[in-house]
Structure formats: C-alpha cells, structure tokens
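To be precise, the following lines are work_14.pdb, and they hold PDB, N, CA and C atoms and all ligand atoms.
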MODEL        1
ATOM      1  N   MET A   2      79.075  70.579 113.562
ATOM      2  CA  MET A   2      79.991  71.696 113.275
ATOM      3  C   MET A   2      79.396  72.666 112.266
ATOM      4  N   ASP A   3      78.068  72.831 112.310
ATOM      5  CA  ASP A   3      77.500  73.799 111.371
ATOM      6  C   ASP A   3      77.083  75.083 112.094
ATOM      7  N   ASN A   4      77.676  75.294 113.253
ATOM      8  CA  ASN A   4      77.324  76.512 113.989
ATOM      9  C   ASN A   4      78.148  77.731 113.538
ATOM     10  N   ILE A   5      79.185  77.485 112.743
ATOM     11  CA  ILE A   5      79.928  78.609 112.162
ATOM     12  C   ILE A   5      79.604  78.664 110.679
ATOM     13  N   THR A   6      78.824  79.644 110.315
ATOM     14  CA  THR A   6      78.421  79.764 108.915
ATOM     15  C   THR A   6      79.458  80.573 108.138
ATOM     16  N   ALA A   7      79.313  80.502 106.829
ATOM     17  CA  ALA A   7      80.262  81.230 105.970
ATOM     18  C   ALA A   7      80.196  82.726 106.238
ATOM     19  N   SER A   8      78.990  83.215 106.490
ATOM     20  CA  SER A   8      78.859  84.654 106.714
ATOM     21  C   SER A   8      79.518  85.050 108.029
ATOM     22  N   GLU A   9      79.463  84.150 108.993
ATOM     23  CA  GLU A   9      80.127  84.456 110.261
ATOM     24  C   GLU A   9      81.635  84.518 110.073
ATOM     25  N   VAL A  10      82.140  83.572 109.277
ATOM     26  CA  VAL A  10      83.573  83.580 108.991
ATOM     27  C   VAL A  10      83.961  84.856 108.271
ATOM     28  N   ALA A  11      83.123  85.241 107.291
ATOM     29  CA  ALA A  11      83.387  86.470 106.545
ATOM     30  C   ALA A  11      83.341  87.671 107.479
ATOM     31  N   GLY A  12      82.365  87.674 108.385
ATOM     32  CA  GLY A  12      82.258  88.776 109.331
ATOM     33  C   GLY A  12      83.487  88.858 110.213
ATOM     34  N   LEU A  13      83.962  87.711 110.632
ATOM     35  CA  LEU A  13      85.161  87.672 111.461
ATOM     36  C   LEU A  13      86.362  88.233 110.703
ATOM     37  N   ALA A  14      86.456  87.823 109.444
ATOM     38  CA  ALA A  14      87.574  88.282 108.617
ATOM     39  C   ALA A  14      87.514  89.792 108.451
ATOM     40  N   VAL A  15      86.308  90.300 108.177
ATOM     41  CA  VAL A  15      86.156  91.748 108.000
ATOM     42  C   VAL A  15      86.482  92.473 109.305
ATOM     43  N   GLY A  16      85.997  91.893 110.402
ATOM     44  CA  GLY A  16      86.283  92.498 111.701
ATOM     45  C   GLY A  16      87.771  92.567 111.977
ATOM     46  N   THR A  17      88.468  91.488 111.640
ATOM     47  CA  THR A  17      89.916  91.466 111.837
ATOM     48  C   THR A  17      90.587  92.515 110.967
ATOM     49  N   LEU A  18      90.132  92.611 109.732
ATOM     50  CA  LEU A  18      90.690  93.609 108.814
ATOM     51  C   LEU A  18      90.454  95.021 109.346
ATOM     52  N   LEU A  19      89.237  95.260 109.835
ATOM     53  CA  LEU A  19      88.906  96.584 110.362
ATOM     54  C   LEU A  19      89.779  96.907 111.564
ATOM     55  N   LEU A  20      89.992  95.895 112.397
ATOM     56  CA  LEU A  20      90.831  96.080 113.575
ATOM     57  C   LEU A  20      92.243  96.460 113.162
ATOM     58  N   CYS A  21      92.764  95.714 112.175
ATOM     59  CA  CYS A  21      94.108  96.008 111.673
ATOM     60  C   CYS A  21      94.155  97.413 111.089
ATOM     61  N   ALA A  22      93.125  97.769 110.344
ATOM     62  CA  ALA A  22      93.080  99.083 109.718
ATOM     63  C   ALA A  22      93.048 100.169 110.778
ATOM     64  N   THR A  23      92.300  99.916 111.857
ATOM     65  CA  THR A  23      92.220 100.908 112.931
ATOM     66  C   THR A  23      93.573 101.107 113.591
ATOM     67  N   ILE A  24      94.261  99.995 113.816
ATOM     68  CA  ILE A  24      95.574 100.088 114.462
ATOM     69  C   ILE A  24      96.562 100.799 113.557
ATOM     70  N   ALA A  25      96.496 100.485 112.263
ATOM     71  CA  ALA A  25      97.474 101.035 111.319
ATOM     72  C   ALA A  25      97.055 102.383 110.770
ATOM     73  N   ALA A  26      95.843 102.829 111.107
ATOM     74  CA  ALA A  26      95.292 104.037 110.488
ATOM     75  C   ALA A  26      96.194 105.261 110.611
ATOM     76  N   PRO A  27      96.696 105.561 111.806
ATOM     77  CA  PRO A  27      97.554 106.765 111.888
ATOM     78  C   PRO A  27      98.745 106.688 110.952
ATOM     79  N   LYS A  28      99.346 105.519 110.855
ATOM     80  CA  LYS A  28     100.497 105.355 109.974
ATOM     81  C   LYS A  28     100.086 105.492 108.518
ATOM     82  N   ILE A  29      99.009 104.803 108.161
ATOM     83  CA  ILE A  29      98.539 104.860 106.780
ATOM     84  C   ILE A  29      98.141 106.287 106.441
ATOM     85  N   ASP A  30      97.489 106.951 107.372
ATOM     86  CA  ASP A  30      97.045 108.312 107.143
ATOM     87  C   ASP A  30      98.246 109.226 106.893
ATOM     88  N   ALA A  31      99.242 109.113 107.741
ATOM     89  CA  ALA A  31     100.442 109.936 107.586
ATOM     90  C   ALA A  31     101.118 109.620 106.262
ATOM     91  N   PHE A  32     101.115 108.344 105.945
ATOM     92  CA  PHE A  32     101.773 107.909 104.724
ATOM     93  C   PHE A  32     101.073 108.473 103.497
ATOM     94  N   PHE A  33      99.762 108.349 103.469
ATOM     95  CA  PHE A  33      99.044 108.783 102.275
ATOM     96  C   PHE A  33      98.981 110.297 102.166
ATOM     97  N   SER A  34      98.803 110.984 103.278
ATOM     98  CA  SER A  34      98.713 112.436 103.196
ATOM     99  C   SER A  34     100.015 113.022 102.677
ATOM    100  N   SER A  35     101.128 112.426 103.080
ATOM    101  CA  SER A  35     102.398 112.959 102.589
ATOM    102  C   SER A  35     102.657 112.531 101.154
ATOM    103  N   SER A  36     102.177 111.335 100.804
ATOM    104  CA  SER A  36     102.408 110.890  99.432
ATOM    105  C   SER A  36     101.511 111.633  98.463
ATOM    106  N   GLN A  37     100.348 112.086  98.968
ATOM    107  CA  GLN A  37      99.471 112.872  98.101
ATOM    108  C   GLN A  37     100.101 114.218  97.769
ATOM    109  N   ARG A  38     100.781 114.756  98.760
ATOM    110  CA  ARG A  38     101.391 116.064  98.557
ATOM    111  C   ARG A  38     102.462 116.013  97.468
ATOM    112  N   SER A  39     103.194 114.939  97.420
ATOM    113  CA  SER A  39     104.182 114.805  96.352
ATOM    114  C   SER A  39     103.828 113.586  95.519
ATOM    115  N   SER A  40     103.017 113.808  94.529
ATOM    116  CA  SER A  40     102.554 112.704  93.700
ATOM    117  C   SER A  40     103.525 112.418  92.571
ATOM    118  N   LEU A  41     104.729 112.896  92.718
ATOM    119  CA  LEU A  41     105.734 112.701  91.674
ATOM    120  C   LEU A  41     106.498 111.405  91.860
ATOM    121  N   GLY A  42     106.042 110.580  92.750
ATOM    122  CA  GLY A  42     106.756 109.321  92.981
ATOM    123  C   GLY A  42     107.307 109.273  94.385
ATOM    124  N   MET A  43     107.642 108.060  94.780
ATOM    125  CA  MET A  43     108.068 107.848  96.151
ATOM    126  C   MET A  43     109.494 108.347  96.362
ATOM    127  N   CYS A  44     109.694 108.937  97.509
ATOM    128  CA  CYS A  44     111.061 109.273  97.908
ATOM    129  C   CYS A  44     111.748 107.990  98.344
ATOM    130  N   LYS A  45     112.922 107.792  97.773
ATOM    131  CA  LYS A  45     113.598 106.535  98.063
ATOM    132  C   LYS A  45     114.167 106.495  99.477
ATOM    133  N   ARG A  46     114.429 107.652 100.021
ATOM    134  CA  ARG A  46     115.052 107.673 101.338
ATOM    135  C   ARG A  46     114.039 107.500 102.466
ATOM    136  N   CYS A  47     112.892 108.110 102.315
ATOM    137  CA  CYS A  47     111.973 108.130 103.454
ATOM    138  C   CYS A  47     110.599 107.581 103.097
ATOM    139  N   GLY A  48     110.394 107.183 101.853
ATOM    140  CA  GLY A  48     109.070 106.700 101.466
ATOM    141  C   GLY A  48     108.015 107.775 101.598
ATOM    142  N   ASN A  49     108.408 109.014 101.369
ATOM    143  CA  ASN A  49     107.520 110.169 101.422
ATOM    144  C   ASN A  49     107.017 110.497 102.814
ATOM    145  N   LEU A  50     107.639 109.934 103.814
ATOM    146  CA  LEU A  50     107.277 110.316 105.179
ATOM    147  C   LEU A  50     107.950 111.625 105.578
ATOM    148  N   ARG A  51     108.900 112.033 104.761
ATOM    149  CA  ARG A  51     109.620 113.295 104.965
ATOM    150  C   ARG A  51     110.447 113.303 106.238
ATOM    151  N   ARG A  52     110.615 112.177 106.812
ATOM    152  CA  ARG A  52     111.481 112.143 107.978
ATOM    153  C   ARG A  52     112.216 110.814 108.026
ATOM    154  N   LEU A  53     113.382 110.848 108.597
ATOM    155  CA  LEU A  53     114.186 109.653 108.736
ATOM    156  C   LEU A  53     114.409 109.409 110.211
ATOM    157  N   ALA A  54     114.189 108.203 110.645
ATOM    158  CA  ALA A  54     114.386 107.893 112.051
ATOM    159  C   ALA A  54     115.839 108.118 112.436
ATOM    160  N   CYS A  55     116.037 108.710 113.588
ATOM    161  CA  CYS A  55     117.400 108.985 114.060
ATOM    162  C   CYS A  55     118.061 107.668 114.441
ATOM    163  N   SER A  56     119.281 107.501 113.930
ATOM    164  CA  SER A  56     119.986 106.256 114.222
ATOM    165  C   SER A  56     120.576 106.282 115.627
ATOM    166  N   GLY A  57     120.744 107.488 116.175
ATOM    167  CA  GLY A  57     121.350 107.601 117.494
ATOM    168  C   GLY A  57     120.417 107.134 118.601
ATOM    169  N   CYS A  58     119.134 107.425 118.452
ATOM    170  CA  CYS A  58     118.180 107.115 119.516
ATOM    171  C   CYS A  58     117.102 106.170 119.028
ATOM    172  N   LYS A  59     117.255 105.670 117.819
ATOM    173  CA  LYS A  59     116.288 104.745 117.232
ATOM    174  C   LYS A  59     114.881 105.353 117.187
ATOM    175  N   GLY A  60     114.823 106.657 117.003
ATOM    176  CA  GLY A  60     113.535 107.311 116.836
ATOM    177  C   GLY A  60     112.821 107.639 118.126
ATOM    178  N   THR A  61     113.466 107.417 119.260
ATOM    179  CA  THR A  61     112.787 107.675 120.528
ATOM    180  C   THR A  61     113.046 109.088 121.037
ATOM    181  N   GLY A  62     114.093 109.737 120.553
ATOM    182  CA  GLY A  62     114.384 111.089 120.984
ATOM    183  C   GLY A  62     115.230 111.158 122.241
ATOM    184  N   SER A  63     115.439 110.028 122.873
ATOM    185  CA  SER A  63     116.284 110.031 124.063
ATOM    186  C   SER A  63     117.215 108.831 124.019
ATOM    187  N   VAL A  64     118.339 109.010 124.633
ATOM    188  CA  VAL A  64     119.308 107.920 124.667
ATOM    189  C   VAL A  64     119.741 107.694 126.108
ATOM    190  N   LYS A  65     120.249 106.530 126.365
ATOM    191  CA  LYS A  65     120.802 106.264 127.690
ATOM    192  C   LYS A  65     122.108 107.018 127.826
ATOM    193  N   GLU A  66     122.301 107.607 128.965
ATOM    194  CA  GLU A  66     123.507 108.385 129.177
ATOM    195  C   GLU A  66     124.726 107.500 128.961
ATOM    196  N   GLY A  67     125.615 107.971 128.083
ATOM    197  CA  GLY A  67     126.826 107.217 127.804
ATOM    198  C   GLY A  67     126.601 106.021 126.900
ATOM    199  N   GLY A  68     125.371 105.845 126.466
ATOM    200  CA  GLY A  68     125.074 104.657 125.672
ATOM    201  C   GLY A  68     124.873 104.951 124.203
ATOM    202  N   ILE A  69     125.269 106.138 123.791
ATOM    203  CA  ILE A  69     125.028 106.553 122.410
ATOM    204  C   ILE A  69     125.724 105.617 121.436
ATOM    205  N   PHE A  70     126.900 105.153 121.839
ATOM    206  CA  PHE A  70     127.673 104.325 120.928
ATOM    207  C   PHE A  70     127.486 102.843 121.186
ATOM    208  N   GLY A  71     126.487 102.516 121.945
ATOM    209  CA  GLY A  71     126.159 101.114 122.167
ATOM    210  C   GLY A  71     127.155 100.387 123.036
ATOM    211  N   ILE A  72     127.829 101.129 123.908
ATOM    212  CA  ILE A  72     128.849 100.504 124.754
ATOM    213  C   ILE A  72     128.200  99.752 125.916
ATOM    214  N   ASN A  73     127.087 100.304 126.376
ATOM    215  CA  ASN A  73     126.480  99.756 127.584
ATOM    216  C   ASN A  73     125.636  98.513 127.304
ATOM    217  N   LEU A  74     126.275  97.518 126.762
ATOM    218  CA  LEU A  74     125.544  96.293 126.447
ATOM    219  C   LEU A  74     125.065  95.605 127.716
ATOM    220  N   VAL A  75     125.869  95.682 128.762
ATOM    221  CA  VAL A  75     125.492  95.052 130.023
ATOM    222  C   VAL A  75     124.262  95.743 130.607
ATOM    223  N   ASP A  76     124.267  97.070 130.533
ATOM    224  CA  ASP A  76     123.118  97.816 131.007
ATOM    225  C   ASP A  76     121.872  97.426 130.237
ATOM    226  N   ASP A  77     122.034  97.302 128.924
ATOM    227  CA  ASP A  77     120.900  96.919 128.100
ATOM    228  C   ASP A  77     120.365  95.566 128.527
ATOM    229  N   LEU A  78     121.289  94.676 128.803
ATOM    230  CA  LEU A  78     120.895  93.330 129.201
ATOM    231  C   LEU A  78     120.113  93.365 130.502
ATOM    232  N   TYR A  79     120.653  94.099 131.468
ATOM    233  CA  TYR A  79     119.968  94.198 132.757
ATOM    234  C   TYR A  79     118.629  94.888 132.593
ATOM    235  N   GLU A  80     118.631  95.898 131.754
ATOM    236  CA  GLU A  80     117.409  96.661 131.575
ATOM    237  C   GLU A  80     116.301  95.781 131.003
ATOM    238  N   SER A  81     116.681  94.891 130.113
ATOM    239  CA  SER A  81     115.679  94.037 129.497
ATOM    240  C   SER A  81     115.056  93.091 130.526
ATOM    241  N   TYR A  82     115.772  92.854 131.604
ATOM    242  CA  TYR A  82     115.190  92.052 132.681
ATOM    243  C   TYR A  82     114.428  92.908 133.688
ATOM    244  N   GLY A  83     114.492  94.223 133.487
ATOM    245  CA  GLY A  83     113.707  95.119 134.329
ATOM    246  C   GLY A  83     114.335  95.398 135.674
ATOM    247  N   ASN A  84     115.605  95.064 135.845
ATOM    248  CA  ASN A  84     116.224  95.234 137.158
ATOM    249  C   ASN A  84     116.763  96.643 137.379
ATOM    250  N   ARG A  85     117.271  97.223 136.321
ATOM    251  CA  ARG A  85     117.960  98.495 136.496
ATOM    252  C   ARG A  85     117.331  99.604 135.677
ATOM    253  N   GLU A  86     116.125  99.419 135.308
ATOM    254  CA  GLU A  86     115.498 100.371 134.406
ATOM    255  C   GLU A  86     115.525 101.786 134.975
ATOM    256  N   SER A  87     115.244 101.916 136.262
ATOM    257  CA  SER A  87     115.150 103.239 136.864
ATOM    258  C   SER A  87     116.528 103.863 137.043
ATOM    259  N   LYS A  88     117.566 103.057 137.006
ATOM    260  CA  LYS A  88     118.908 103.602 137.226
ATOM    261  C   LYS A  88     119.529 104.128 135.934
ATOM    262  N   VAL A  89     118.998 103.675 134.807
ATOM    263  CA  VAL A  89     119.553 104.124 133.540
ATOM    264  C   VAL A  89     118.975 105.487 133.209
ATOM    265  N   LYS A  90     119.848 106.452 133.132
ATOM    266  CA  LYS A  90     119.423 107.817 132.863
ATOM    267  C   LYS A  90     119.115 107.986 131.385
ATOM    268  N   GLN A  91     117.994 108.565 131.103
ATOM    269  CA  GLN A  91     117.671 108.897 129.723
ATOM    270  C   GLN A  91     117.997 110.361 129.498
ATOM    271  N   ILE A  92     118.786 110.625 128.496
ATOM    272  CA  ILE A  92     119.084 112.016 128.165
ATOM    273  C   ILE A  92     118.610 112.296 126.749
ATOM    274  N   ALA A  93     118.356 113.576 126.486
ATOM    275  CA  ALA A  93     117.884 113.953 125.160
ATOM    276  C   ALA A  93     118.944 113.620 124.126
ATOM    277  N   CYS A  94     118.505 113.095 123.013
ATOM    278  CA  CYS A  94     119.432 112.742 121.954
ATOM    279  C   CYS A  94     119.974 114.013 121.311
ATOM    280  N   ALA A  95     121.291 114.160 121.322
ATOM    281  CA  ALA A  95     121.897 115.371 120.774
ATOM    282  C   ALA A  95     121.912 115.334 119.248
ATOM    283  N   LYS A  96     121.870 114.137 118.714
ATOM    284  CA  LYS A  96     121.973 113.973 117.268
ATOM    285  C   LYS A  96     120.764 114.567 116.550
ATOM    286  N   CYS A  97     119.610 114.390 117.135
ATOM    287  CA  CYS A  97     118.372 114.830 116.472
ATOM    288  C   CYS A  97     117.644 115.888 117.293
ATOM    289  N   GLN A  98     118.308 116.447 118.313
ATOM    290  CA  GLN A  98     117.667 117.413 119.208
ATOM    291  C   GLN A  98     116.407 116.831 119.848
ATOM    292  N   ALA A  99     116.494 115.556 120.190
ATOM    293  CA  ALA A  99     115.435 114.861 120.925
ATOM    294  C   ALA A  99     114.140 114.727 120.140
ATOM    295  N   LYS A 100     114.215 114.955 118.841
ATOM    296  CA  LYS A 100     113.003 114.807 118.038
ATOM    297  C   LYS A 100     112.775 113.349 117.641
ATOM    298  N   GLY A 101     113.866 112.612 117.566
ATOM    299  CA  GLY A 101     113.747 111.206 117.191
ATOM    300  C   GLY A 101     113.811 110.984 115.694
ATOM    301  N   TYR A 102     113.832 112.068 114.951
ATOM    302  CA  TYR A 102     113.909 111.909 113.499
ATOM    303  C   TYR A 102     114.544 113.153 112.886
ATOM    304  N   PHE A 103     114.972 113.018 111.680
ATOM    305  CA  PHE A 103     115.466 114.143 110.916
ATOM    306  C   PHE A 103     114.494 114.424 109.771
ATOM    307  N   SER A 104     114.478 115.642 109.323
ATOM    308  CA  SER A 104     113.767 115.931 108.082
ATOM    309  C   SER A 104     114.515 115.222 106.959
ATOM    310  N   CYS A 105     113.780 114.675 106.037
ATOM    311  CA  CYS A 105     114.433 113.983 104.936
ATOM    312  C   CYS A 105     115.174 115.007 104.075
ATOM    313  N   PRO A 106     116.473 114.847 103.903
ATOM    314  CA  PRO A 106     117.237 115.823 103.112
ATOM    315  C   PRO A 106     116.771 115.874 101.661
ATOM    316  N   ASP A 107     116.334 114.750 101.139
ATOM    317  CA  ASP A 107     115.841 114.747  99.755
ATOM    318  C   ASP A 107     114.556 115.545  99.620
ATOM    319  N   CYS A 108     113.638 115.303 100.555
ATOM    320  CA  CYS A 108     112.324 115.933 100.457
ATOM    321  C   CYS A 108     112.389 117.412 100.800
ATOM    322  N   SER A 109     113.277 117.796 101.721
ATOM    323  CA  SER A 109     113.319 119.199 102.119
ATOM    324  C   SER A 109     113.940 120.070 101.036
ATOM    325  N   LYS A 110     114.541 119.414 100.026
ATOM    326  CA  LYS A 110     115.089 120.153  98.901
ATOM    327  C   LYS A 110     113.979 120.667  97.996
ATOM    328  N   LEU A 111     112.856 119.975  98.002
ATOM    329  CA  LEU A 111     111.770 120.301  97.077
ATOM    330  C   LEU A 111     111.151 121.677  97.378
TER
HETATM  331 ZN    ZN A 201     118.163 110.921 118.025
HETATM  332 ZN    ZN A 202     112.332 111.898 101.475
ENDMDL
END

Write-out of the structure in structure tokens:
Amino acid sequence: MDNITASEVAGLAVGTLLLCATIAAPKIDAFFSSSQRSSLGMCKRCGNLRRLACSGCKGTGSVKEGGIFGINLVDDLYESYGNRESKVKQIACAKCQAKGYFSCPDCSKL
C-alpha cells in the first residue's frame, strides 16, 4: 500500500479544492465584487449581493400557473415524478417581473 504517496494525496486534495473553487467561482466572484464596492460591512438582508431571491418563484423568475400560493401540491408531486412536467404551464412571476429577485431595499438606499 505504498503506491499512494503523501504528495499524491496532497495533489488530490488541491485538485479537489480547485474543482470546488471553479464551481463556486461565479458565486464567489459576484460576492466579492459586490462586497468590495461597499466595504462598510455586510448588508444583513442580502449579504451584499444587492438582491433578494423572490419568494414567489424561488428565484427562478417563473411560477406554475395557479401555483403561486402553493396550492398545487398534487401537481408538484406528479411533476417530481416527471409525469406531468410538460402539462404544467410556467408563467412569468408577477411578483418580481420574472427577474427572480428583487433589488435589496437596504442596498438601493445607498
Ligand atoms: Zn418571482
Ligand atoms: Zn442589501
């Protein structure tokens, strides 16, 4: 069992870290660029992302027709099994104008 050396393990660990960093890079980048702009401390509401995910559409920008209030639990259930996915109409979320998020009210005051 000496075919895995310490350096190989270290290389694997670094590779895994790099992979994670690559996957998370867009998020980290967005996070840091916005936090750099306001170095006065973190916004408690949005973490300096300057946007809040829409609760109506869960940040997707579209909602199932008639499902805004979470009534269509049966549809959701069927949809999760992939049976009725094409039958569920997606409509633009009226709450956020289909953007999927709101501007953070705290940050937009600045
Ligand atoms: Zn929305
Ligand atoms: Zn904010």

Option closest in space to ligand ZN 202 (chain A), from A:Leu50, A:Asn4, A:Gly57, A:Glu9 [counting only C-alpha atoms and all ligand atoms]: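 Between A:Leu50, A:Asn4, A:Gly57, A:Glu9, the residue approaching ligand ZN 202 (chain A) most closely is A:Leu50.
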
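Distance-wise, atom N of Asp107 (chain A) and atom ZN of ligand ZN 202 (chain A) end up 4.9 Å apart.
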
Given only C-alpha atoms and all ligand atoms as the counted atoms, nearest of A:Gly42, A:Gly62, A:Pro106, A:Gly12 to ligand ZN 202 (chain A):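 Distance minimum relative to ligand ZN 202 (chain A) lands on A:Pro106.
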
Please build the interface table for chain A against ligand ZN 202 (chain A) with a cut-off of 6.5 Å, listing for each qualifying residue the nearest atom pair and the distance in Å to one decimal; count all atoms listed in the file, order rows by chain and increasing number, and write it as CSV.
residue,atom,partner,partner_atom,distance
A:Cys44,CA,A:ZN202,ZN,4.6
A:Lys45,N,A:ZN202,ZN,5.6
A:Arg46,C,A:ZN202,ZN,4.8
A:Cys47,N,A:ZN202,ZN,3.9
A:Gly48,N,A:ZN202,ZN,5.1
A:Asn49,N,A:ZN202,ZN,4.9
A:Leu50,N,A:ZN202,ZN,5.6
A:Arg51,CA,A:ZN202,ZN,4.6
A:Arg52,N,A:ZN202,ZN,5.6
A:Cys105,CA,A:ZN202,ZN,4.6
A:Pro106,N,A:ZN202,ZN,5.6
A:Asp107,C,A:ZN202,ZN,4.7
A:Cys108,N,A:ZN202,ZN,3.8
A:Ser109,N,A:ZN202,ZN,6.0

Taking all atoms listed in the file and a cut-off of 6.5 Å, can you tell me which residues surround ligand ZN 201 (chain A), written as a tab-separated table (two decimals) with N, CA and C atoms, in the coordinates of the input?
chain	number	residue	atom	x	y	z
A	55	CYS	N	116.04	108.71	113.59
A	55	CYS	CA	117.40	108.98	114.06
A	55	CYS	C	118.06	107.67	114.44
A	56	SER	N	119.28	107.50	113.93
A	56	SER	CA	119.99	106.26	114.22
A	56	SER	C	120.58	106.28	115.63
A	57	GLY	N	120.74	107.49	116.18
A	57	GLY	CA	121.35	107.60	117.49
A	57	GLY	C	120.42	107.13	118.60
A	58	CYS	N	119.13	107.42	118.45
A	58	CYS	CA	118.18	107.12	119.52
A	58	CYS	C	117.10	106.17	119.03
A	59	LYS	N	117.26	105.67	117.82
A	59	LYS	CA	116.29	104.74	117.23
A	59	LYS	C	114.88	105.35	117.19
A	60	GLY	N	114.82	106.66	117.00
A	60	GLY	CA	113.54	107.31	116.84
A	60	GLY	C	112.82	107.64	118.13
A	61	THR	N	113.47	107.42	119.26
A	61	THR	CA	112.79	107.68	120.53
A	61	THR	C	113.05	109.09	121.04
A	62	GLY	N	114.09	109.74	120.55
A	62	GLY	CA	114.38	111.09	120.98
A	62	GLY	C	115.23	111.16	122.24
A	63	SER	N	115.44	110.03	122.87
A	63	SER	CA	116.28	110.03	124.06
A	63	SER	C	117.22	108.83	124.02
A	94	CYS	N	118.50	113.10	123.01
A	94	CYS	CA	119.43	112.74	121.95
A	94	CYS	C	119.97	114.01	121.31
A	95	ALA	N	121.29	114.16	121.32
A	95	ALA	CA	121.90	115.37	120.77
A	95	ALA	C	121.91	115.33	119.25
A	96	LYS	N	121.87	114.14	118.71
A	96	LYS	CA	121.97	113.97	117.27
A	96	LYS	C	120.76	114.57	116.55
A	97	CYS	N	119.61	114.39	117.14
A	97	CYS	CA	118.37	114.83	116.47
A	97	CYS	C	117.64	115.89	117.29
A	98	GLN	N	118.31	116.45	118.31
A	98	GLN	CA	117.67	117.41	119.21
A	98	GLN	C	116.41	116.83	119.85
A	99	ALA	N	116.49	115.56	120.19
A	99	ALA	CA	115.44	114.86	120.92
A	99	ALA	C	114.14	114.73	120.14
A	100	LYS	N	114.22	114.96	118.84
A	100	LYS	CA	113.00	114.81	118.04
A	100	LYS	C	112.78	113.35	117.64
A	101	GLY	N	113.87	112.61	117.57
A	101	GLY	CA	113.75	111.21	117.19
A	101	GLY	C	113.81	110.98	115.69
A	102	TYR	N	113.83	112.07	114.95
A	102	TYR	CA	113.91	111.91	113.50
A	102	TYR	C	114.54	113.15	112.89

Computed interatomic separation between CA of Thr17 (chain A) and CA of Ala54 (chain A) (Å): 29.5 Å

Between CA of Ile92 (chain A) and CA of Ser104 (chain A), distance in Å (one decimal):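 Distance between the two atoms: 21.1 Å.
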
Shell of 5 Å around Gln91 (chain A), all atoms listed in the file, local chain residues under 6 positions omitted, as a list in words: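 The contact residues come out as Val64, Lys65 and Glu66 of chain A.
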